[in-house]
file final_37.csv (CSV, C-alpha atoms)
chain,number,residue,atom,x,y,z
A,1,MET,CA,4.5,-12.9,-127.6
A,2,ASN,CA,6.8,-15.9,-127.5
A,3,LYS,CA,6.7,-17.2,-123.9
A,4,ALA,CA,9.8,-19.3,-124.6
A,5,ILE,CA,11.8,-16.0,-124.5
A,6,THR,CA,11.0,-15.7,-120.8
A,7,ASP,CA,12.8,-19.0,-119.9
A,8,SER,CA,15.7,-18.4,-117.5
A,9,GLU,CA,18.3,-19.9,-119.9
A,10,VAL,CA,17.1,-17.7,-122.8
A,11,GLN,CA,17.1,-14.6,-120.5
A,12,ASP,CA,20.6,-15.4,-119.3
A,13,TYR,CA,21.8,-15.8,-122.9
A,14,ILE,CA,20.3,-12.4,-123.8
A,15,ARG,CA,22.0,-10.6,-121.0
A,16,GLU,CA,25.3,-12.3,-121.7
A,17,GLN,CA,25.2,-11.2,-125.3
A,18,LEU,CA,24.6,-7.5,-124.7
A,19,ASN,CA,27.9,-6.5,-126.3
A,20,ALA,CA,27.7,-9.0,-129.2
A,21,ASP,CA,26.9,-8.2,-132.8
A,22,VAL,CA,23.1,-8.4,-133.0
A,23,HIS,CA,23.2,-8.8,-136.8
A,24,LYS,CA,25.4,-11.9,-136.5
A,25,ILE,CA,23.1,-13.4,-133.9
A,26,ALA,CA,20.1,-12.7,-136.1
A,27,MET,CA,21.7,-14.6,-139.0
A,28,ALA,CA,23.1,-17.5,-137.0
A,29,LYS,CA,21.3,-20.6,-135.8
A,30,SER,CA,19.7,-20.1,-132.5
A,31,PRO,CA,20.9,-22.2,-129.5
A,32,PHE,CA,17.2,-22.6,-128.5
A,33,PRO,CA,14.7,-24.6,-130.4
A,34,ASP,CA,11.7,-22.4,-129.7
A,35,VAL,CA,13.4,-19.0,-130.1
A,36,THR,CA,14.8,-17.8,-133.4
A,37,GLY,CA,18.0,-15.9,-133.9
A,38,GLN,CA,15.9,-12.9,-135.1
A,39,GLU,CA,14.0,-12.9,-131.8
A,40,LEU,CA,17.1,-13.1,-129.7
A,41,SER,CA,18.7,-10.3,-131.7
A,42,ALA,CA,15.6,-8.1,-131.2
A,43,GLN,CA,15.6,-8.7,-127.4
A,44,ILE,CA,19.3,-7.9,-127.1
A,45,ALA,CA,19.0,-4.7,-129.1
A,46,ALA,CA,16.0,-3.5,-127.1
A,47,MET,CA,17.5,-4.4,-123.7
A,48,LYS,CA,20.7,-2.6,-124.6
A,49,LYS,CA,18.7,0.5,-125.5
A,50,SER,CA,17.0,0.3,-122.1
A,51,ALA,CA,20.2,0.4,-120.1
A,52,LYS,CA,20.2,4.2,-119.6
A,53,LYS,CA,16.7,5.1,-120.7
A,54,LEU,CA,14.8,2.5,-118.6
A,55,PRO,CA,17.1,1.4,-115.8
A,56,ALA,CA,14.2,-0.2,-113.7
A,57,TRP,CA,13.4,-2.5,-116.7
A,58,PHE,CA,17.0,-3.2,-117.6
A,59,SER,CA,17.9,-4.2,-114.0
A,60,LYS,CA,14.9,-6.5,-113.6
A,61,THR,CA,15.4,-10.1,-114.5
A,62,GLY,CA,13.0,-11.6,-117.0
A,63,ILE,CA,11.7,-8.5,-118.8
A,64,TYR,CA,10.2,-9.1,-122.2
A,65,TYR,CA,11.1,-6.4,-124.7
A,66,PRO,CA,9.0,-5.3,-127.7
A,67,PRO,CA,10.6,-4.3,-131.0
A,68,LEU,CA,13.4,-1.8,-130.7
A,69,LEU,CA,11.2,1.0,-132.3
A,70,SER,CA,8.8,0.8,-129.4
A,71,VAL,CA,11.6,1.2,-126.9
A,72,GLU,CA,13.0,4.1,-128.8
A,73,GLN,CA,9.6,5.9,-129.0
A,74,CYS,CA,8.5,5.3,-125.4
A,75,SER,CA,9.0,7.8,-122.6
A,76,SER,CA,12.2,7.6,-120.6
A,77,GLU,CA,11.8,6.9,-116.9
A,78,ILE,CA,12.9,10.4,-115.9
A,79,THR,CA,10.2,12.1,-118.1
A,80,ALA,CA,7.6,9.5,-117.1
A,81,ALA,CA,8.2,10.2,-113.4
A,82,TYR,CA,7.8,13.9,-114.1
A,83,LYS,CA,4.5,13.5,-115.9
A,84,ALA,CA,3.1,11.4,-113.1
A,85,GLN,CA,3.3,14.4,-110.8
A,86,LEU,CA,1.0,16.3,-113.2
A,87,SER,CA,-1.8,13.8,-112.8
A,88,LYS,CA,-4.6,14.4,-110.3
A,89,GLY,CA,-7.2,12.2,-108.5
A,90,ALA,CA,-7.5,8.4,-107.9
A,91,LYS,CA,-8.3,7.0,-111.3
A,92,LEU,CA,-6.3,7.5,-114.5
A,93,ILE,CA,-6.5,6.1,-118.0
A,94,ASP,CA,-3.6,5.9,-120.4
A,95,LEU,CA,-5.3,5.8,-123.8
A,96,THR,CA,-2.0,5.0,-125.7
A,97,GLY,CA,-0.2,2.8,-123.3
A,98,GLY,CA,2.5,1.3,-125.5
A,99,PHE,CA,5.3,-0.4,-123.6
A,100,GLY,CA,3.8,0.8,-120.3
A,101,VAL,CA,6.5,3.1,-119.0
A,102,ASP,CA,4.2,6.1,-118.4
A,103,SER,CA,1.5,3.8,-116.9
A,104,TYR,CA,4.0,2.3,-114.5
A,105,TYR,CA,4.8,5.8,-113.1
A,106,PHE,CA,1.2,6.9,-113.1
A,107,SER,CA,0.4,3.7,-111.0
A,108,LYS,CA,2.8,5.0,-108.3
A,109,VAL,CA,0.7,8.1,-107.7
A,110,ASN,CA,-2.8,7.0,-108.7
A,111,GLN,CA,-4.9,4.4,-106.9
A,112,SER,CA,-5.9,2.7,-110.2
A,113,VAL,CA,-4.7,2.9,-113.8
A,114,VAL,CA,-6.2,1.6,-117.1
A,115,HIS,CA,-3.6,0.9,-119.8
A,116,CYS,CA,-5.1,0.8,-123.3
A,117,GLU,CA,-3.0,-0.4,-126.2
A,118,ILE,CA,-4.4,-1.1,-129.7
A,119,SER,CA,-1.6,-3.6,-130.4
A,120,GLU,CA,-2.5,-7.0,-128.7
A,121,GLU,CA,1.2,-8.0,-128.7
A,122,LEU,CA,2.3,-4.8,-127.0
A,123,SER,CA,-0.5,-4.9,-124.6
A,124,ALA,CA,0.4,-8.5,-123.6
A,125,ILE,CA,4.1,-7.5,-123.2
A,126,ALA,CA,3.2,-4.5,-121.0
A,127,SER,CA,0.9,-6.7,-118.8
A,128,TYR,CA,3.5,-9.4,-118.4
A,129,ASN,CA,6.2,-6.9,-117.4
A,130,ALA,CA,3.9,-5.2,-115.0
A,131,ARG,CA,3.7,-8.3,-112.9
A,132,LEU,CA,7.5,-8.5,-112.7
A,133,LEU,CA,7.6,-4.9,-111.7
A,134,GLU,CA,5.0,-5.5,-109.0
A,135,GLN,CA,2.5,-3.1,-110.7
A,136,HIS,CA,-0.7,-4.5,-109.3
A,137,ASN,CA,-3.2,-1.6,-109.6
A,138,THR,CA,-3.3,-1.5,-113.4
A,139,ILE,CA,-5.9,-3.0,-115.8
A,140,PHE,CA,-4.6,-3.8,-119.3
A,141,ILE,CA,-7.0,-3.4,-122.2
A,142,ALA,CA,-5.9,-4.7,-125.6
A,143,GLY,CA,-7.9,-2.3,-127.8
A,144,ASP,CA,-8.5,1.2,-129.1
A,145,GLY,CA,-8.4,3.6,-126.1
A,146,ILE,CA,-10.8,6.1,-127.7
A,147,GLU,CA,-13.3,3.4,-128.4
A,148,TYR,CA,-13.0,2.1,-124.9
A,149,LEU,CA,-13.6,5.6,-123.6
A,150,LYS,CA,-16.8,5.9,-125.7
A,151,ASP,CA,-18.1,2.6,-124.3
A,152,THR,CA,-17.3,2.9,-120.7
A,153,LYS,CA,-19.4,4.7,-118.1
A,154,LEU,CA,-16.4,5.3,-115.9
A,155,HIS,CA,-15.2,8.9,-115.2
A,156,PHE,CA,-11.4,9.4,-114.8
A,157,GLU,CA,-9.9,12.2,-112.8
A,158,THR,CA,-7.0,12.2,-115.3
A,159,ILE,CA,-6.8,11.0,-118.9
A,160,TYR,CA,-3.3,10.7,-120.6
A,161,ILE,CA,-2.8,10.4,-124.3
A,162,ASP,CA,0.3,10.4,-126.5
A,163,PRO,CA,-0.9,10.7,-130.1
A,164,ALA,CA,1.6,9.6,-132.7
A,165,ARG,CA,2.5,11.8,-135.6
A,166,ARG,CA,1.2,10.2,-138.9
A,167,SER,CA,4.0,9.4,-141.4
A,168,SER,CA,2.6,11.8,-143.9
A,169,ALA,CA,3.1,14.8,-141.5
A,170,GLY,CA,6.3,16.7,-142.1
A,171,LYS,CA,8.6,18.4,-139.6
A,172,VAL,CA,6.0,21.0,-139.0
A,173,PHE,CA,2.8,19.4,-137.9
A,174,MET,CA,-0.4,19.9,-136.0
A,175,LEU,CA,-2.4,17.8,-133.6
A,176,LYS,CA,-4.9,17.0,-136.3
A,177,ASP,CA,-2.0,15.3,-138.1
A,178,CYS,CA,-1.7,12.7,-135.3
A,179,THR,CA,-3.5,9.6,-134.3
A,180,PRO,CA,-5.6,9.2,-132.3
A,181,ASP,CA,-7.0,12.5,-133.5
A,182,VAL,CA,-7.2,14.6,-130.3
A,183,ILE,CA,-9.0,17.5,-132.0
A,184,GLU,CA,-11.7,15.4,-133.4
A,185,ASN,CA,-12.3,13.7,-130.0
A,186,LEU,CA,-11.7,16.7,-127.8
A,187,ASP,CA,-15.3,16.9,-126.5
A,188,LEU,CA,-15.3,13.2,-125.6
A,189,LEU,CA,-12.0,13.5,-123.8
A,190,LEU,CA,-12.9,16.6,-121.8
A,191,ASN,CA,-16.4,15.2,-120.9
A,192,SER,CA,-14.7,12.0,-119.5
A,193,THR,CA,-12.2,13.6,-117.2
A,194,ASP,CA,-11.2,16.5,-114.9
A,195,ARG,CA,-7.7,16.8,-116.3
A,196,LEU,CA,-6.5,15.9,-119.7
A,197,LEU,CA,-2.7,15.4,-120.3
A,198,ILE,CA,-1.6,15.4,-123.9
A,199,LYS,CA,2.0,14.5,-124.7
A,200,THR,CA,3.4,15.9,-128.0
A,201,ALA,CA,6.7,15.9,-129.7
A,202,PRO,CA,8.7,19.2,-129.1
A,203,LEU,CA,8.4,20.0,-132.8
A,204,LEU,CA,4.8,21.0,-132.3
A,205,ASP,CA,4.5,24.8,-132.4
A,206,ILE,CA,3.1,26.2,-129.2
A,207,THR,CA,1.1,28.9,-130.8
A,208,ALA,CA,-0.4,26.5,-133.3
A,209,GLY,CA,-1.3,24.1,-130.5
A,210,LEU,CA,-3.1,26.8,-128.5
A,211,LYS,CA,-5.1,27.6,-131.6
A,212,GLU,CA,-6.2,24.0,-132.0
A,213,LEU,CA,-7.0,23.2,-128.4
A,214,ARG,CA,-9.4,24.6,-125.8
A,215,HIS,CA,-9.2,25.1,-122.0
A,216,VAL,CA,-5.4,24.8,-121.9
A,217,ALA,CA,-4.3,25.5,-118.3
A,218,GLY,CA,-0.6,24.8,-118.8
A,219,ILE,CA,2.1,23.6,-121.1
A,220,HIS,CA,5.2,21.9,-119.7
A,221,ILE,CA,8.3,21.9,-121.9
A,222,VAL,CA,10.5,19.1,-120.7
A,223,SER,CA,14.2,18.7,-121.5
A,224,VAL,CA,17.0,16.4,-120.4
A,225,LYS,CA,20.7,17.4,-120.8
A,226,ASN,CA,19.8,20.3,-123.0
A,227,GLU,CA,17.7,18.1,-125.3
A,228,CYS,CA,14.0,19.0,-125.6
A,229,LYS,CA,12.1,15.7,-125.1
A,230,GLU,CA,8.4,16.5,-125.1
A,231,LEU,CA,5.6,19.0,-124.5
A,232,VAL,CA,2.9,18.1,-122.0
A,233,TRP,CA,-0.4,20.0,-122.4
A,234,ILE,CA,-2.7,20.2,-119.4
A,235,LEU,CA,-6.4,20.8,-120.3
A,236,GLU,CA,-9.2,21.4,-117.8
A,237,LYS,CA,-12.7,21.7,-119.0
A,238,LYS,CA,-13.6,24.7,-116.8
A,239,PHE,CA,-10.4,26.6,-117.4
A,240,GLU,CA,-10.8,29.9,-119.3
A,241,GLY,CA,-7.7,31.8,-118.1
A,242,THR,CA,-4.2,32.4,-119.5
A,243,PRO,CA,-2.1,29.2,-119.8
A,244,GLN,CA,1.0,28.9,-117.7
A,245,ILE,CA,4.1,27.8,-119.5
A,246,VAL,CA,6.6,25.8,-117.5
A,247,CYS,CA,10.1,25.1,-118.8
A,248,SER,CA,11.5,22.1,-116.9
A,249,THR,CA,15.1,20.8,-117.1
A,250,LEU,CA,15.4,17.3,-115.7
A,251,ASN,CA,19.1,16.8,-114.8
A,252,ALA,CA,20.9,16.2,-111.5
A,253,SER,CA,18.3,18.6,-110.0
A,254,LEU,CA,15.0,19.9,-111.4
A,255,LYS,CA,15.1,23.5,-112.5
A,256,GLN,CA,12.0,25.4,-113.7
A,257,PHE,CA,11.2,28.6,-115.4
A,258,SER,CA,7.5,29.5,-115.4
A,259,PHE,CA,5.5,32.3,-116.9
A,260,LEU,CA,2.1,33.1,-118.3
A,261,ALA,CA,1.5,33.1,-122.1
A,262,GLY,CA,1.5,36.8,-123.0
A,263,ASP,CA,4.1,37.9,-120.4
A,264,GLU,CA,7.0,38.0,-122.9
A,265,PRO,CA,5.7,41.0,-125.0
A,266,ALA,CA,5.7,43.2,-121.9
A,267,ALA,CA,9.3,42.3,-120.9
A,268,THR,CA,12.3,44.2,-122.0
A,269,ALA,CA,16.0,43.3,-122.3
A,270,MET,CA,18.9,45.7,-122.8
A,271,ASP,CA,21.5,45.1,-125.5
A,272,THR,CA,24.9,45.6,-124.0
A,273,PRO,CA,28.5,46.1,-125.0
A,274,VAL,CA,30.7,43.1,-124.1
A,275,GLU,CA,30.8,43.9,-120.4
A,276,GLY,CA,30.7,41.1,-117.8
A,277,ASN,CA,32.6,38.1,-116.8
A,278,TYR,CA,30.0,35.4,-117.3
A,279,LEU,CA,28.0,34.2,-120.3
A,280,TYR,CA,24.6,32.6,-119.9
A,281,GLU,CA,23.1,30.2,-122.6
A,282,PRO,CA,19.5,29.2,-121.8
A,283,ASP,CA,18.5,25.5,-121.9
A,284,VAL,CA,16.6,24.5,-125.0
A,285,ALA,CA,13.4,24.2,-122.9
A,286,LEU,CA,13.5,28.0,-122.3
A,287,LEU,CA,14.3,28.7,-125.9
A,288,LYS,CA,11.3,26.6,-126.9
A,289,GLY,CA,9.1,28.6,-124.5
A,290,GLY,CA,10.2,31.8,-126.3
A,291,ALA,CA,10.5,34.0,-123.2
A,292,PHE,CA,13.7,35.6,-124.4
A,293,ASN,CA,13.3,39.0,-122.7
A,294,LEU,CA,11.8,37.5,-119.5
A,295,ILE,CA,15.0,35.4,-119.1
A,296,ALA,CA,17.0,38.7,-118.9
A,297,GLU,CA,14.5,40.3,-116.5
A,298,ARG,CA,14.2,37.3,-114.1
A,299,TYR,CA,18.0,36.7,-113.8
A,300,GLN,CA,19.1,40.3,-114.2
A,301,LEU,CA,21.1,39.6,-117.3
A,302,LYS,CA,21.8,41.7,-120.4
A,303,LYS,CA,21.6,40.4,-124.0
A,304,PHE,CA,24.3,40.6,-126.6
A,305,HIS,CA,21.8,41.3,-129.4
A,306,GLN,CA,18.0,41.1,-129.8
A,307,GLN,CA,18.4,38.2,-132.3
A,308,THR,CA,21.0,36.4,-130.1
A,309,GLN,CA,19.7,34.4,-127.1
A,310,LEU,CA,22.9,34.8,-125.2
A,311,TYR,CA,23.2,36.8,-122.0
A,312,ILE,CA,25.9,38.3,-119.9
A,313,SER,CA,26.4,39.2,-116.2
A,314,ASP,CA,29.1,40.0,-113.6
A,315,LEU,CA,27.5,37.4,-111.2
A,316,ILE,CA,27.1,33.7,-111.2
A,317,ASN,CA,23.6,32.3,-110.6
A,318,LYS,CA,23.7,28.5,-110.5
A,319,ASP,CA,19.8,28.4,-110.4
A,320,PHE,CA,19.9,29.4,-114.0
A,321,PRO,CA,18.5,26.6,-116.2
A,322,GLY,CA,21.3,26.4,-118.8
A,323,ARG,CA,25.0,26.7,-119.4
A,324,ILE,CA,27.2,29.3,-117.7
A,325,PHE,CA,30.7,30.2,-119.1
A,326,LYS,CA,33.6,32.3,-117.8
A,327,ILE,CA,34.6,34.7,-120.5
A,328,GLU,CA,38.4,34.6,-120.7
A,329,GLU,CA,39.0,36.7,-123.8
A,330,VAL,CA,37.0,38.6,-126.4
A,331,LEU,CA,38.4,38.4,-130.0
A,332,THR,CA,37.7,39.7,-133.4
A,333,ALA,CA,37.7,37.5,-136.4
A,334,ALA,CA,41.0,39.0,-137.5
A,335,ALA,CA,42.6,38.3,-134.1
A,336,VAL,CA,41.4,34.7,-134.2
A,337,LYS,CA,42.9,34.2,-137.6
A,338,LYS,CA,46.3,35.1,-136.2
A,339,GLU,CA,46.1,32.7,-133.3
A,340,LYS,CA,47.6,29.2,-133.3
A,341,ASN,CA,46.8,26.1,-131.4
A,342,LEU,CA,43.2,27.1,-130.8
A,343,LEU,CA,41.3,24.8,-128.5
A,344,GLY,CA,37.6,24.5,-127.7
A,345,SER,CA,34.2,23.3,-128.7
A,346,VAL,CA,32.6,25.7,-131.2
A,347,ILE,CA,29.2,27.3,-130.6
A,348,VAL,CA,27.6,29.5,-133.2
A,349,ARG,CA,24.9,32.0,-132.4
A,350,ASN,CA,23.8,34.6,-134.9
A,351,TYR,CA,27.0,34.3,-136.9
A,352,PRO,CA,27.2,33.9,-140.7
A,353,GLU,CA,29.3,30.7,-140.7
A,354,LYS,CA,28.5,27.2,-139.5
A,355,ALA,CA,30.4,25.5,-136.7
A,356,ALA,CA,32.0,22.8,-138.9
A,357,ALA,CA,33.3,25.4,-141.3
A,358,LEU,CA,34.8,27.5,-138.5
A,359,VAL,CA,36.6,24.5,-137.0
A,360,GLU,CA,38.2,23.8,-140.3
A,361,LYS,CA,38.9,27.5,-141.2
A,362,TYR,CA,40.7,28.2,-137.9
A,363,HIS,CA,42.1,24.7,-137.2
A,364,ILE,CA,40.3,24.5,-133.8
A,365,LYS,CA,41.0,21.4,-131.8
A,366,PRO,CA,38.2,20.0,-129.6
A,367,ASP,CA,38.3,20.4,-125.9
A,368,ASP,CA,35.5,19.5,-123.4
A,369,SER,CA,36.1,22.4,-121.0
A,370,GLN,CA,37.1,25.2,-123.4
A,371,PHE,CA,34.6,26.9,-125.8
A,372,MET,CA,34.9,29.2,-128.8
A,373,ILE,CA,31.6,31.1,-129.0
A,374,PHE,CA,31.1,32.9,-132.3
A,375,THR,CA,28.3,35.4,-132.0
A,376,HIS,CA,27.2,39.0,-132.7
A,377,SER,CA,27.2,42.0,-130.4
A,378,ALA,CA,24.7,44.8,-130.9
A,379,GLN,CA,27.5,47.3,-130.4
A,380,THR,CA,30.6,45.7,-131.8
A,381,GLY,CA,29.3,43.3,-134.5
A,382,LYS,CA,30.9,39.9,-135.0
A,383,ILE,CA,32.9,38.7,-132.0
A,384,ILE,CA,34.4,35.5,-130.7
A,385,LEU,CA,34.4,34.6,-127.0
A,386,LYS,CA,37.1,32.3,-125.6
A,387,SER,CA,35.4,30.8,-122.6
A,388,LYS,CA,35.6,28.1,-120.0
A,389,ILE,CA,32.4,26.2,-119.0
A,390,LEU,CA,31.4,26.5,-115.4
A,391,GLN,CA,27.9,24.9,-115.5
A,392,HIS,CA,26.7,22.4,-118.0
A,393,TYR,CA,23.0,22.2,-117.1

call {"tool": "encode", "arguments": {"input": "final_37.csv", "output": "structure tokens"}}
result
Amino acid sequence: MNKAITDSEVQDYIREQLNADVHKIAMAKSPFPDVTGQELSAQIAAMKKSAKKLPAWFSKTGIYYPPLLSVEQCSSEITAAYKAQLSKGAKLIDLTGGFGVDSYYFSKVNQSVVHCEISEELSAIASYNARLLEQHNTIFIAGDGIEYLKDTKLHFETIYIDPARRSSAGKVFMLKDCTPDVIENLDLLLNSTDRLLIKTAPLLDITAGLKELRHVAGIHIVSVKNECKELVWILEKKFEGTPQIVCSTLNASLKQFSFLAGDEPAATAMDTPVEGNYLYEPDVALLKGGAFNLIAERYQLKKFHQQTQLYISDLINKDFPGRIFKIEEVLTAAAVKKEKNLLGSVIVRNYPEKAAALVEKYHIKPDDSQFMIFTHSAQTGKIILKSKILQHY
């Protein structure tokens, strides 16, 4: 950590250059004798990335940023604040603290927090920024969180861990493919806490995760603006029941869809002819949860097709976590081919062609409020719905 970067003149320069070409700054001679052009470039890029993701950091004068990759990989403020509400008790340890965003929000709801980070540089940066952010109830440990847990006699009401996927793991991965290895250390973790929170990438298959883990009390699927951000697994040593799956959409307001693992097979959903004025498209968090028939039951909707997770109704329910469209016209492919000056964003669900090909084929011009939804009805086959969006999230 180069402390010269924290000088007020350097900090002013970094903020003034937010819209500059960072590559040119990296290659040019630095205006400061103790800070290189490469260091200035790295700070500018990381600060710019933080503008929307980490507004509390971005707005605070004097923040020292780690390499851009660390900012890209850390939690956003909105997801960190959500996870903080899942913790319990007075004492929490974050075994993979990183840039410190999660620990910062944990410190707001826990009396004391221990932040462990194996990188000495990143630990020093997080500790330095914590003072600027007035985070005074956190101890920073530069070292391996698992080894610290083995050596300490402290018991924590909550342990939080965010294992990183190893580079050798493909798109489909398991927890044993991550580091720290949660599966190998599961007994240690459960014996050291009342509640274990494990953050994983949304790519992790829920069924596979349940097979690897024990005592799973809940799984939170978290999305922001229809993008699935992470899964948060809640483990409690004495829990032996059926896990609750909570699909949470973090937008202007929090919307949640909760159910017990195993509820979906008992639910039914009717296929329907294209009858109804409003089309419902579930948020990606609900789709990740896999409760496709439960969605129809809870919101009194009908499905177009068992293989198409689109729903229809004559009523608008703004509590629905997902997009809602007003269906203006139902067309066949032959009818679309005859139309001219088509407008709309293209959505494809259970249709044999891709969106880009359909845009080119039918010369569809983009429009933010109009949508062309290519899908499949159980009764009528391939259809196209000209629709207007009423609710984005």

call {"tool": "atom_distance", "arguments": {"input": "final_37.csv", "atom1": "atom CA of A:Gly89", "atom2": "atom CA of A:Glu157"}}
result
5.1 Å

call {"tool": "residues_around", "arguments": {"input": "final_37.csv", "residues": "A:Leu204", "least_positions_apart": "5", "cutoff": "12 Å", "atoms": "only C-alpha atoms", "output": "count of residues only"}}
result
29

call {"tool": "residues_near_point", "arguments": {"input": "final_37.csv", "point": "(2.4, 23.6, -117.5)", "cutoff": "6 Å", "atoms": "all atoms listed in the file", "output": "MDAnalysis selection string"}}
result
chainID A and resid 218:220 244:246

call {"tool": "residues_around", "arguments": {"input": "final_37.csv", "residues": "stretch 138-151 of chain A", "least_positions_apart": "4", "cutoff": "10 Å", "atoms": "all atoms listed in the file", "output": "PyMOL selection string"}}
result
chain A and resi 92-97+100+103-104+106-107+110-124+126-128+130-131+155-156+159+161+180-182+185+188-189+192

call {"tool": "residues_around", "arguments": {"input": "final_37.csv", "residues": "stretch 248-254 of chain A", "least_positions_apart": "2", "cutoff": "8 Å", "atoms": "only C-alpha atoms", "output": "ChimeraX atom specification"}}
result
/A:78-79,220-226,246,256-257,283,285,321,393

call {"tool": "closest_residue", "arguments": {"input": "final_37.csv", "among": "A:Ser345, A:Ser387, A:Thr308, A:Ser87", "to": "A:Leu279", "atoms": "all atoms listed in the file"}}
result
A:Ser387

call {"tool": "closest_residue", "arguments": {"input": "final_37.csv", "among": "A:Asp21, A:Asp12, A:Glu72, A:Glu297", "to": "A:Phe99", "atoms": "all atoms listed in the file"}}
result
A:Glu72

call {"tool": "residues_around", "arguments": {"input": "final_37.csv", "residues": "A:Leu235", "least_positions_apart": "5", "cutoff": "6 Å", "atoms": "only C-alpha atoms", "output": "PyMOL selection string"}}
result
chain A and resi 195-196+215-217

call {"tool": "closest_residue", "arguments": {"input": "final_37.csv", "among": "A:Lys337, A:Lys382, A:Lys303, A:Lys52", "to": "A:His363", "atoms": "only C-alpha atoms"}}
result
A:Lys337

call {"tool": "residues_around", "arguments": {"input": "final_37.csv", "residues": "A:Leu390", "least_positions_apart": "2", "cutoff": "7 Å", "atoms": "all atoms listed in the file", "output": "ChimeraX atom specification"}}
result
/A:324-326,388,392

call {"tool": "closest_residue", "arguments": {"input": "final_37.csv", "among": "A:Val330, A:Leu286, A:Met270, A:Val346", "to": "A:Lys361", "atoms": "all atoms listed in the file"}}
result
A:Val346

call {"tool": "atom_distance", "arguments": {"input": "final_37.csv", "atom1": "atom CA of A:Asp319", "atom2": "atom CA of A:Ala269"}}
result
19.4 Å

call {"tool": "atom_distance", "arguments": {"input": "final_37.csv", "atom1": "atom CA of A:Ile63", "atom2": "atom CA of A:Tyr105"}}
result
16.9 Å

call {"tool": "decode", "arguments": {"input": "final_37.csv", "residues": "stretch 348-359 of chain A", "atoms": "N, CA, C and O atoms", "output": "compact mmCIF listing (two decimals), in the first residue's frame"}}
result
# COMPACT_ATOMS: atom_id res chain seq x y z
N VAL A 348 -37.23 -13.93 -26.49
CA VAL A 348 -37.46 -15.27 -27.04
C VAL A 348 -37.59 -16.25 -25.90
O VAL A 348 -36.70 -16.36 -25.06
N ARG A 349 -38.69 -16.98 -25.82
CA ARG A 349 -38.90 -18.02 -24.82
C ARG A 349 -39.52 -19.25 -25.49
O ARG A 349 -40.63 -19.18 -26.01
N ASN A 350 -38.75 -20.35 -25.50
CA ASN A 350 -39.24 -21.59 -26.10
C ASN A 350 -39.65 -21.37 -27.56
O ASN A 350 -40.75 -21.72 -27.98
N TYR A 351 -38.73 -20.79 -28.30
CA TYR A 351 -38.96 -20.49 -29.72
C TYR A 351 -37.70 -20.92 -30.47
O TYR A 351 -36.59 -20.78 -29.95
N PRO A 352 -37.84 -21.45 -31.68
CA PRO A 352 -36.69 -22.09 -32.34
C PRO A 352 -35.63 -21.15 -32.91
O PRO A 352 -34.61 -21.61 -33.41
N GLU A 353 -35.84 -19.83 -32.87
CA GLU A 353 -34.85 -18.90 -33.40
C GLU A 353 -34.36 -17.96 -32.30
O GLU A 353 -35.07 -17.69 -31.34
N LYS A 354 -33.15 -17.44 -32.48
CA LYS A 354 -32.57 -16.54 -31.50
C LYS A 354 -33.01 -15.11 -31.77
O LYS A 354 -33.38 -14.74 -32.88
N ALA A 355 -32.93 -14.28 -30.69
CA ALA A 355 -33.41 -12.91 -30.77
C ALA A 355 -32.73 -12.12 -31.89
O ALA A 355 -33.40 -11.42 -32.67
N ALA A 356 -31.40 -12.21 -31.98
CA ALA A 356 -30.66 -11.44 -32.99
C ALA A 356 -31.10 -11.81 -34.40
O ALA A 356 -31.25 -10.93 -35.28
N ALA A 357 -31.34 -13.11 -34.64
CA ALA A 357 -31.77 -13.57 -35.96
C ALA A 357 -33.18 -13.06 -36.27
O ALA A 357 -33.47 -12.68 -37.42
N LEU A 358 -34.04 -13.01 -35.28
CA LEU A 358 -35.41 -12.53 -35.49
C LEU A 358 -35.44 -11.02 -35.77
O LEU A 358 -36.23 -10.56 -36.60
N VAL A 359 -34.59 -10.27 -35.09
CA VAL A 359 -34.50 -8.83 -35.35
C VAL A 359 -34.11 -8.57 -36.81
O VAL A 359 -34.71 -7.73 -37.49
